[in-house]
Every structure is written in structure tokens, then in C-alpha cells.
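Below is input_26.txt, which holds compact mmCIF, C-alpha atoms.
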```txt
# COMPACT_ATOMS: atom_id res chain seq x y z
CA GLU A 15 101.94 99.53 95.45
CA ALA A 16 103.42 100.76 98.72
CA GLN A 17 101.47 99.32 101.57
CA VAL A 18 101.33 98.04 105.12
CA THR A 19 99.38 94.81 105.49
CA GLN A 20 97.88 93.61 108.75
CA ASN A 21 96.19 90.30 109.51
CA PRO A 22 93.70 89.41 110.73
CA ARG A 23 91.45 92.41 110.10
CA TYR A 24 88.86 91.15 112.57
CA LEU A 25 89.27 88.70 115.43
CA ILE A 26 87.14 87.58 118.33
CA THR A 27 88.95 85.54 120.94
CA VAL A 28 88.66 84.53 124.57
CA THR A 29 90.64 85.58 127.60
CA GLY A 30 94.01 83.87 127.84
CA LYS A 31 94.21 82.48 124.33
CA LYS A 32 97.48 83.63 122.78
CA LEU A 33 97.22 85.46 119.51
CA THR A 34 99.47 87.18 117.02
CA VAL A 35 98.61 90.05 114.70
CA THR A 36 100.95 90.13 111.75
CA CYS A 37 102.22 93.25 110.02
CA SER A 38 104.23 93.49 106.85
CA GLN A 39 105.47 96.48 104.84
CA ASN A 40 106.95 96.57 101.35
CA MET A 41 108.64 99.98 101.49
CA ASN A 42 111.92 98.90 103.07
CA HIS A 43 111.26 101.20 106.03
CA GLU A 44 113.50 100.75 109.03
CA TYR A 45 111.01 102.13 111.56
CA MET A 46 107.78 100.31 112.40
CA SER A 47 105.30 100.72 115.23
CA TRP A 48 102.05 99.49 116.71
CA TYR A 49 99.22 101.68 117.96
CA ARG A 50 95.91 100.98 119.59
CA GLN A 51 92.93 103.25 119.12
CA ASP A 52 90.19 103.50 121.72
CA PRO A 53 87.21 105.88 121.92
CA GLY A 54 88.10 108.97 123.89
CA LEU A 55 91.76 107.97 124.19
CA GLY A 56 92.95 108.52 120.64
CA LEU A 57 95.92 106.59 119.26
CA ARG A 58 98.44 105.32 121.75
CA GLN A 59 101.73 103.74 120.83
CA ILE A 60 102.33 100.22 122.09
CA TYR A 61 105.79 99.35 120.79
CA TYR A 62 108.11 100.57 118.08
CA SER A 63 111.15 99.28 116.29
CA MET A 64 113.90 101.39 114.77
CA ASN A 65 115.46 98.49 112.92
CA VAL A 66 115.88 94.72 112.86
CA GLU A 67 116.33 93.29 116.37
CA VAL A 68 115.75 96.75 117.93
CA THR A 69 112.45 97.27 119.74
CA ASP A 70 111.31 99.76 122.39
CA LYS A 71 108.27 100.32 124.54
CA GLY A 72 105.76 102.98 123.66
CA ASP A 73 103.20 104.50 125.99
CA VAL A 74 101.10 101.36 126.64
CA PRO A 75 103.29 98.23 126.29
CA GLU A 76 101.82 96.16 129.14
CA GLY A 77 100.37 92.86 127.98
CA TYR A 78 102.04 92.98 124.56
CA LYS A 79 105.18 91.64 122.96
CA VAL A 80 106.77 92.32 119.61
CA SER A 81 109.63 90.96 117.56
CA ARG A 82 111.59 92.30 114.59
CA LYS A 83 113.51 89.48 113.02
CA GLU A 84 113.33 90.90 109.51
CA LYS A 85 112.89 94.42 108.25
CA ARG A 86 109.52 93.92 106.57
CA ASN A 87 107.68 92.17 109.43
CA PHE A 88 106.70 93.40 112.88
CA PRO A 89 104.20 91.07 114.57
CA LEU A 90 102.28 92.03 117.71
CA ILE A 91 101.86 89.22 120.22
CA LEU A 92 99.27 89.04 122.97
CA GLU A 93 100.46 86.17 125.18
CA SER A 94 97.38 86.13 127.41
CA PRO A 95 94.75 88.52 126.09
CA SER A 96 92.34 90.20 128.47
CA PRO A 97 89.11 92.11 127.80
CA ASN A 98 90.85 95.46 128.30
CA GLN A 99 92.86 94.69 125.19
CA THR A 100 89.72 94.85 123.09
CA SER A 101 90.62 97.60 120.67
CA LEU A 102 91.39 98.66 117.12
CA TYR A 103 95.07 98.05 116.38
CA PHE A 104 97.17 99.75 113.73
CA CYS A 105 100.58 98.90 112.44
CA ALA A 106 102.60 101.62 110.75
CA SER A 107 105.94 102.07 109.08
CA ARG A 108 107.80 105.32 108.79
CA SER A 109 109.60 106.87 105.85
CA VAL A 110 112.96 108.63 106.16
CA VAL A 111 111.06 111.91 105.79
CA GLY A 112 109.04 111.08 108.87
CA GLU A 113 105.55 110.31 107.61
CA LEU A 114 103.78 107.18 108.81
CA PHE A 115 102.10 104.68 106.52
CA PHE A 116 99.32 102.83 108.29
CA GLY A 117 97.75 99.45 107.77
CA GLU A 118 93.99 99.13 107.55
CA GLY A 119 93.65 98.11 111.17
CA SER A 120 92.84 94.96 113.12
CA ARG A 121 89.73 95.01 115.24
CA LEU A 122 90.21 92.70 118.20
CA THR A 123 87.54 91.62 120.67
CA VAL A 124 88.54 89.65 123.77
CA LEU A 125 85.65 87.98 125.56
CA SER V 15 99.78 111.05 127.66
CA GLN V 16 98.65 112.95 124.60
CA GLN V 17 101.08 115.53 123.36
CA GLY V 18 98.71 117.12 120.86
CA GLU V 19 95.18 118.21 121.58
CA GLU V 20 92.83 119.06 118.74
CA ASP V 21 90.14 121.66 118.89
CA PRO V 22 87.25 121.43 118.26
CA GLN V 23 86.50 117.78 118.95
CA ALA V 24 83.74 117.86 116.36
CA LEU V 25 82.90 120.22 113.52
CA SER V 26 79.93 120.26 111.19
CA ILE V 27 79.86 122.50 108.11
CA GLN V 28 78.17 122.82 104.75
CA GLU V 29 79.84 121.79 101.53
CA GLY V 30 81.83 124.68 100.09
CA GLU V 31 82.65 126.21 103.46
CA ASN V 32 86.14 126.24 104.94
CA ALA V 33 87.02 124.02 107.89
CA THR V 34 89.64 124.99 110.45
CA MET V 35 91.04 122.61 113.04
CA ASN V 36 93.56 123.50 115.69
CA CYS V 37 96.20 121.51 117.51
CA SER V 38 98.08 122.49 120.65
CA TYR V 39 101.07 120.67 122.06
CA LYS V 40 103.23 120.87 125.15
CA THR V 41 106.90 120.28 124.42
CA SER V 42 109.40 121.18 121.71
CA ILE V 43 108.96 119.36 118.45
CA ASN V 44 110.97 118.39 115.39
CA ASN V 45 107.91 118.41 113.18
CA LEU V 46 104.14 118.27 113.31
CA GLN V 47 102.02 116.15 111.01
CA TRP V 48 98.35 115.96 110.11
CA TYR V 49 96.54 112.74 109.30
CA ARG V 50 93.07 111.88 108.11
CA GLN V 51 91.06 108.81 109.09
CA ASN V 52 87.87 107.63 107.46
CA SER V 53 85.68 105.75 109.89
CA GLY V 54 87.44 102.63 111.14
CA ARG V 55 90.10 102.77 108.44
CA GLY V 56 93.83 103.35 108.59
CA LEU V 57 95.18 106.86 108.97
CA VAL V 58 96.46 108.61 105.88
CA HIS V 59 99.24 111.18 106.00
CA LEU V 60 98.23 114.63 104.77
CA ILE V 61 101.06 117.04 105.44
CA LEU V 62 104.22 117.46 107.50
CA ILE V 63 105.50 120.82 108.70
CA ARG V 64 108.92 121.17 110.28
CA SER V 65 109.63 123.24 113.35
CA ASN V 66 111.43 125.90 111.30
CA GLU V 67 108.51 126.30 108.88
CA ARG V 68 105.53 128.56 109.48
CA GLU V 69 103.13 127.63 106.71
CA LYS V 70 102.68 124.86 104.19
CA HIS V 71 100.17 124.19 101.43
CA SER V 72 99.02 121.05 99.69
CA GLY V 73 96.08 121.37 97.33
CA ARG V 74 93.11 122.59 99.39
CA LEU V 75 95.03 122.12 102.63
CA ARG V 76 96.89 124.85 104.45
CA VAL V 77 98.81 124.18 107.63
CA THR V 78 100.33 126.78 109.90
CA LEU V 79 102.69 126.29 112.80
CA ASP V 80 103.38 128.73 115.61
CA THR V 81 106.13 127.29 117.78
CA SER V 82 105.98 130.23 120.21
CA LYS V 83 102.37 129.32 121.01
CA LYS V 84 102.95 125.59 120.52
CA SER V 85 100.03 125.37 118.16
CA SER V 86 99.14 124.42 114.61
CA SER V 87 96.08 124.78 112.46
CA LEU V 88 94.77 122.83 109.49
CA LEU V 89 92.55 124.68 107.05
CA ILE V 90 90.56 122.79 104.42
CA THR V 91 89.20 125.20 101.86
CA ALA V 92 86.07 124.68 99.77
CA SER V 93 85.16 121.53 101.66
CA ARG V 94 83.46 118.58 100.03
CA ALA V 95 81.28 115.82 101.44
CA ALA V 96 84.20 113.46 100.79
CA ASP V 97 86.28 115.43 103.32
CA THR V 98 84.09 113.97 106.08
CA ALA V 99 86.56 112.15 108.34
CA SER V 100 88.52 112.49 111.56
CA TYR V 101 91.66 114.58 111.45
CA PHE V 102 94.59 114.07 113.80
CA CYS V 103 97.68 116.05 114.52
CA ALA V 104 100.82 114.18 115.51
CA THR V 105 103.99 115.57 117.01
CA ASP V 106 107.49 114.29 116.59
CA ARG V 107 108.93 115.45 119.88
CA ALA V 108 112.53 116.54 120.08
CA SER V 109 112.96 114.56 123.31
CA SER V 110 111.16 111.36 122.35
CA GLY V 111 113.61 109.68 120.01
CA ASN V 112 111.41 108.39 117.26
CA MET V 113 107.98 108.43 118.89
CA LEU V 114 105.17 110.18 117.07
CA THR V 115 102.39 111.14 119.48
CA PHE V 116 98.82 111.68 118.31
CA GLY V 117 96.11 113.96 119.58
CA GLY V 118 92.50 112.93 120.12
CA GLY V 119 91.34 114.14 116.72
CA THR V 120 88.65 116.37 115.26
CA ARG V 121 85.62 114.73 113.70
CA LEU V 122 84.64 116.73 110.65
CA MET V 123 81.28 116.32 108.97
CA VAL V 124 80.68 118.09 105.68
CA LYS V 125 77.02 118.18 104.73
CA PRO V 126 76.16 118.14 101.03
```
Rewritten as C-alpha cells:
Amino acid sequence: EAQVTQNPRYLITVTGKKLTVTCSQNMNHEYMSWYRQDPGLGLRQIYYSMNVEVTDKGDVPEGYKVSRKEKRNFPLILESPSPNQTSLYFCASRSVVGELFFGEGSRLTVL
Amino acid sequence: SQQGEEDPQALSIQEGENATMNCSYKTSINNLQWYRQNSGRGLVHLILIRSNEREKHSGRLRVTLDTSKKSSSLLITASRAADTASYFCATDRASSGNMLTFGGGTRLMVKP
């Protein structure tokens, strides 16, 4: 089954404690991206990657890092999380046609 | 900044009625897509319409695109309670490389 898998689905952490949200896709898509979704602000793109070892900033990259060492994985790294990074995070991969396939989301709370 | 803006922000209808949601955008696009999101879940792709297309159908969904007005509409015919969800338009801007930008969404409630 074609899917994008994110982990963890839920996480409560404290300010400054580094965390990584993993994302994996099994569709051999070259393009992957991370979004955050906040009430009243919709979905905003954090980072995207057009292929292995190629990453670019989206609209809201501050406070985040990503890496793309292999095609299937695109982890999101919060080196020093802060409360304003409390959000619902989505990873997505993109087909050659252009449609995005989303993971089920990772709800992060930073205390 | 949001490229697409949906209208209305919320819509409540009875089962069996049609639901129409609109999306306006600001800059030239390669294509426009519509997605559905059940509460707190991942978004699911519904339909993609390219800039040179005017109308597209998929089951009970009908999407139109008017590039002169920079707007699109999503029509759901004969709505069902299971259609209750948020619906987002997303634009693939000609100038943005590979970024897909989402609007704020329309929350649709279909009452049984």
C-alpha cells in the first residue's frame, strides 16, 4: 500500500530538548516536504526536498532542520524546540503528476 | 503568505444538497489542486486541474478554473454526511519552483 509514515504521532516535550520527527515514503517519490498546520494560519511549508541531498527552505524554516540522505526518508529536526513550535506537522511526498500524499500527522506540544 | 484563499470559511448544509467552495489566488499557476482533511488527519488529494483546463469531474466532484479571474470552485453534488471535512485548495505557482501553497480551507458540515 502506498503510504507516507510519520513518527511519532503524538509528542509532548520541553523547551530545548532536541527531537526528530521521522518521515518515510514507499512510493519512490523524489519530492518530499514538511508542513505545519496551525489554527487560522492553514498549512505552511517548512522545508522541501527535490531529491537526495537537495533541500530548500519553505515559508517558515526558522527553528527547523531537515536532511535527505536517502530517497525514502526525510526527517524533521527541532534542535532546540520552543513553545511556538507547538503544532500539527505533516510530511508529504509528491508524485510526478504533482499530487501530494500526506502522512497522518504528528501533533507536537512543547512546554 | 497564503496564495489561495477559500470562501466561505465554513459551510453547513443538509444531506443531499450541493456544496460549493471557492478559491482565489494571486499569481500565475501551473495547476490548482483540491484536498480534503478529516479532523486532525492527513490531507487527501481529490483532484488536480491544470492551468489550460477549465473544468474537471471526478465522481460527485466538479472543479472549475478561471485563470482570468484567478479563481477556482469545487462543487460536491448530492452531499453526504461522510463529506463532512475541511477542504483546501493548493496552487502550484509558476514562479515557485516546486512549492505547493495551501489556502486556509473551508470547513464543510453536512447534516444528516
So how many Å separate CA of Ser38 in chain V and CA of Ile63 in chain V, to one decimal? 14.2 Å
Can I get the residues of chain A within 12 Å of chain V, each with the closest pair of atoms and their distance in Å to one decimal, using all atoms listed in the file, sorted chain first then ascending number, as a tab-separated table?
```
residue	atom	partner	partner_atom	distance
A:Gln17	CA	V:Gly56	CA	11.1
A:Val18	CA	V:Gly56	CA	9.8
A:Thr19	CA	V:Gly56	CA	10.6
A:Gln20	CA	V:Gly56	CA	10.5
A:Arg23	CA	V:Arg55	CA	10.6
A:Tyr24	CA	V:Gly54	CA	11.7
A:Glu44	CA	V:Asn112	CA	11.4
A:Tyr45	CA	V:Asn112	CA	8.5
A:Met46	CA	V:Asn112	CA	10.1
A:Ser47	CA	V:Met113	CA	8.9
A:Trp48	CA	V:Met113	CA	10.9
A:Tyr49	CA	V:Phe116	CA	10.0
A:Arg50	CA	V:Phe116	CA	11.2
A:Gln51	CA	V:Gly54	CA	9.7
A:Asp52	CA	V:Gly118	CA	9.8
A:Pro53	CA	V:Gly118	CA	9.0
A:Gly54	CA	V:Gly118	CA	7.0
A:Leu55	CA	V:Gly118	CA	6.5
A:Gly56	CA	V:Gly118	CA	4.5
A:Leu57	CA	V:Phe116	CA	5.9
A:Arg58	CA	V:Phe116	CA	7.2
A:Gln59	CA	V:Thr115	CA	7.6
A:Ile60	CA	V:Met113	CA	10.5
A:Tyr61	CA	V:Met113	CA	9.5
A:Tyr62	CA	V:Met113	CA	7.9
A:Ser63	CA	V:Asn112	CA	9.2
A:Met64	CA	V:Asn112	CA	7.8
A:Asn65	CA	V:Asn112	CA	11.5
A:Thr69	CA	V:Asn112	CA	11.4
A:Asp70	CA	V:Met113	CA	9.9
A:Lys71	CA	V:Met113	CA	9.9
A:Gly72	CA	V:Met113	CA	7.6
A:Asp73	CA	V:Ser15	CA	7.6
A:Val74	CA	V:Ser15	CA	9.8
A:Ser101	CA	V:Gly54	CA	11.2
A:Leu102	CA	V:Gly54	CA	8.2
A:Tyr103	CA	V:Gly56	CA	9.5
A:Phe104	CA	V:Gly56	CA	7.1
A:Cys105	CA	V:Gly56	CA	9.0
A:Ala106	CA	V:Gly56	CA	9.2
A:Ser107	CA	V:Leu114	CA	11.4
A:Arg108	CA	V:Asn112	CA	9.7
A:Ser109	CA	V:His59	CA	11.2
A:Val110	CA	V:Asn112	CA	11.2
A:Val111	CA	V:Leu62	CA	9.0
A:Gly112	CA	V:Leu62	CA	8.1
A:Glu113	CA	V:His59	CA	6.6
A:Leu114	CA	V:His59	CA	6.7
A:Phe115	CA	V:Val58	CA	6.9
A:Phe116	CA	V:Gly56	CA	5.5
A:Gly117	CA	V:Gly56	CA	5.6
A:Glu118	CA	V:Gly56	CA	4.3
A:Gly119	CA	V:Gly56	CA	5.8
A:Ser120	CA	V:Arg55	CA	9.5
A:Arg121	CA	V:Gly54	CA	9.0
```
Distance query Val80 in chain A at most 7 Å, all atoms listed in the file, self and fewer than 2 positions along chain excluded, as a count of residues only: 6
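Between CA of Met35 in chain V and CA of Asn66 in chain V there is a distance of 20.7 Å.
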Looking at A:Thr29, A:Met41, A:Thr100, A:Thr36, which one is nearest to Ala16 in chain A, with distances taken over only C-alpha atoms? A:Met41
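Note that CA of Asn42 in chain A and CA of Gln99 in chain A are 29.5 Å apart.
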Would you kindly return, as a list in words, each protein, DNA or RNA residue with an atom no farther than 8 Å from any atom of range 68-81 of chain V, considering all atoms listed in the file and excluding same-chain residues fewer than 5 positions away? Ser42, Ile61, Ile63, Ser86, Ser87, Leu88, Leu89, Ile90, Thr91 and Ala92 of chain V
Could you write out that same residue set with C-alpha atoms as a PDB file, keeping the file's coordinate frame?
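out.pdb was written with the following content:
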```
ATOM      1  CA  SER V  42     109.400 121.180 121.710  1.00  0.00           C
ATOM      2  CA  ILE V  61     101.060 117.040 105.440  1.00  0.00           C
ATOM      3  CA  ILE V  63     105.500 120.820 108.700  1.00  0.00           C
ATOM      4  CA  SER V  86      99.140 124.420 114.610  1.00  0.00           C
ATOM      5  CA  SER V  87      96.080 124.780 112.460  1.00  0.00           C
ATOM      6  CA  LEU V  88      94.770 122.830 109.490  1.00  0.00           C
ATOM      7  CA  LEU V  89      92.550 124.680 107.050  1.00  0.00           C
ATOM      8  CA  ILE V  90      90.560 122.790 104.420  1.00  0.00           C
ATOM      9  CA  THR V  91      89.200 125.200 101.860  1.00  0.00           C
ATOM     10  CA  ALA V  92      86.070 124.680  99.770  1.00  0.00           C
TER      11      ALA V  92
END
```
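Compared by their closest atoms to Ile27 in chain V, and using only C-alpha atoms, the residues V:Thr105, V:Ser100, V:Arg94, V:Lys83 rank with V:Arg94 nearest.
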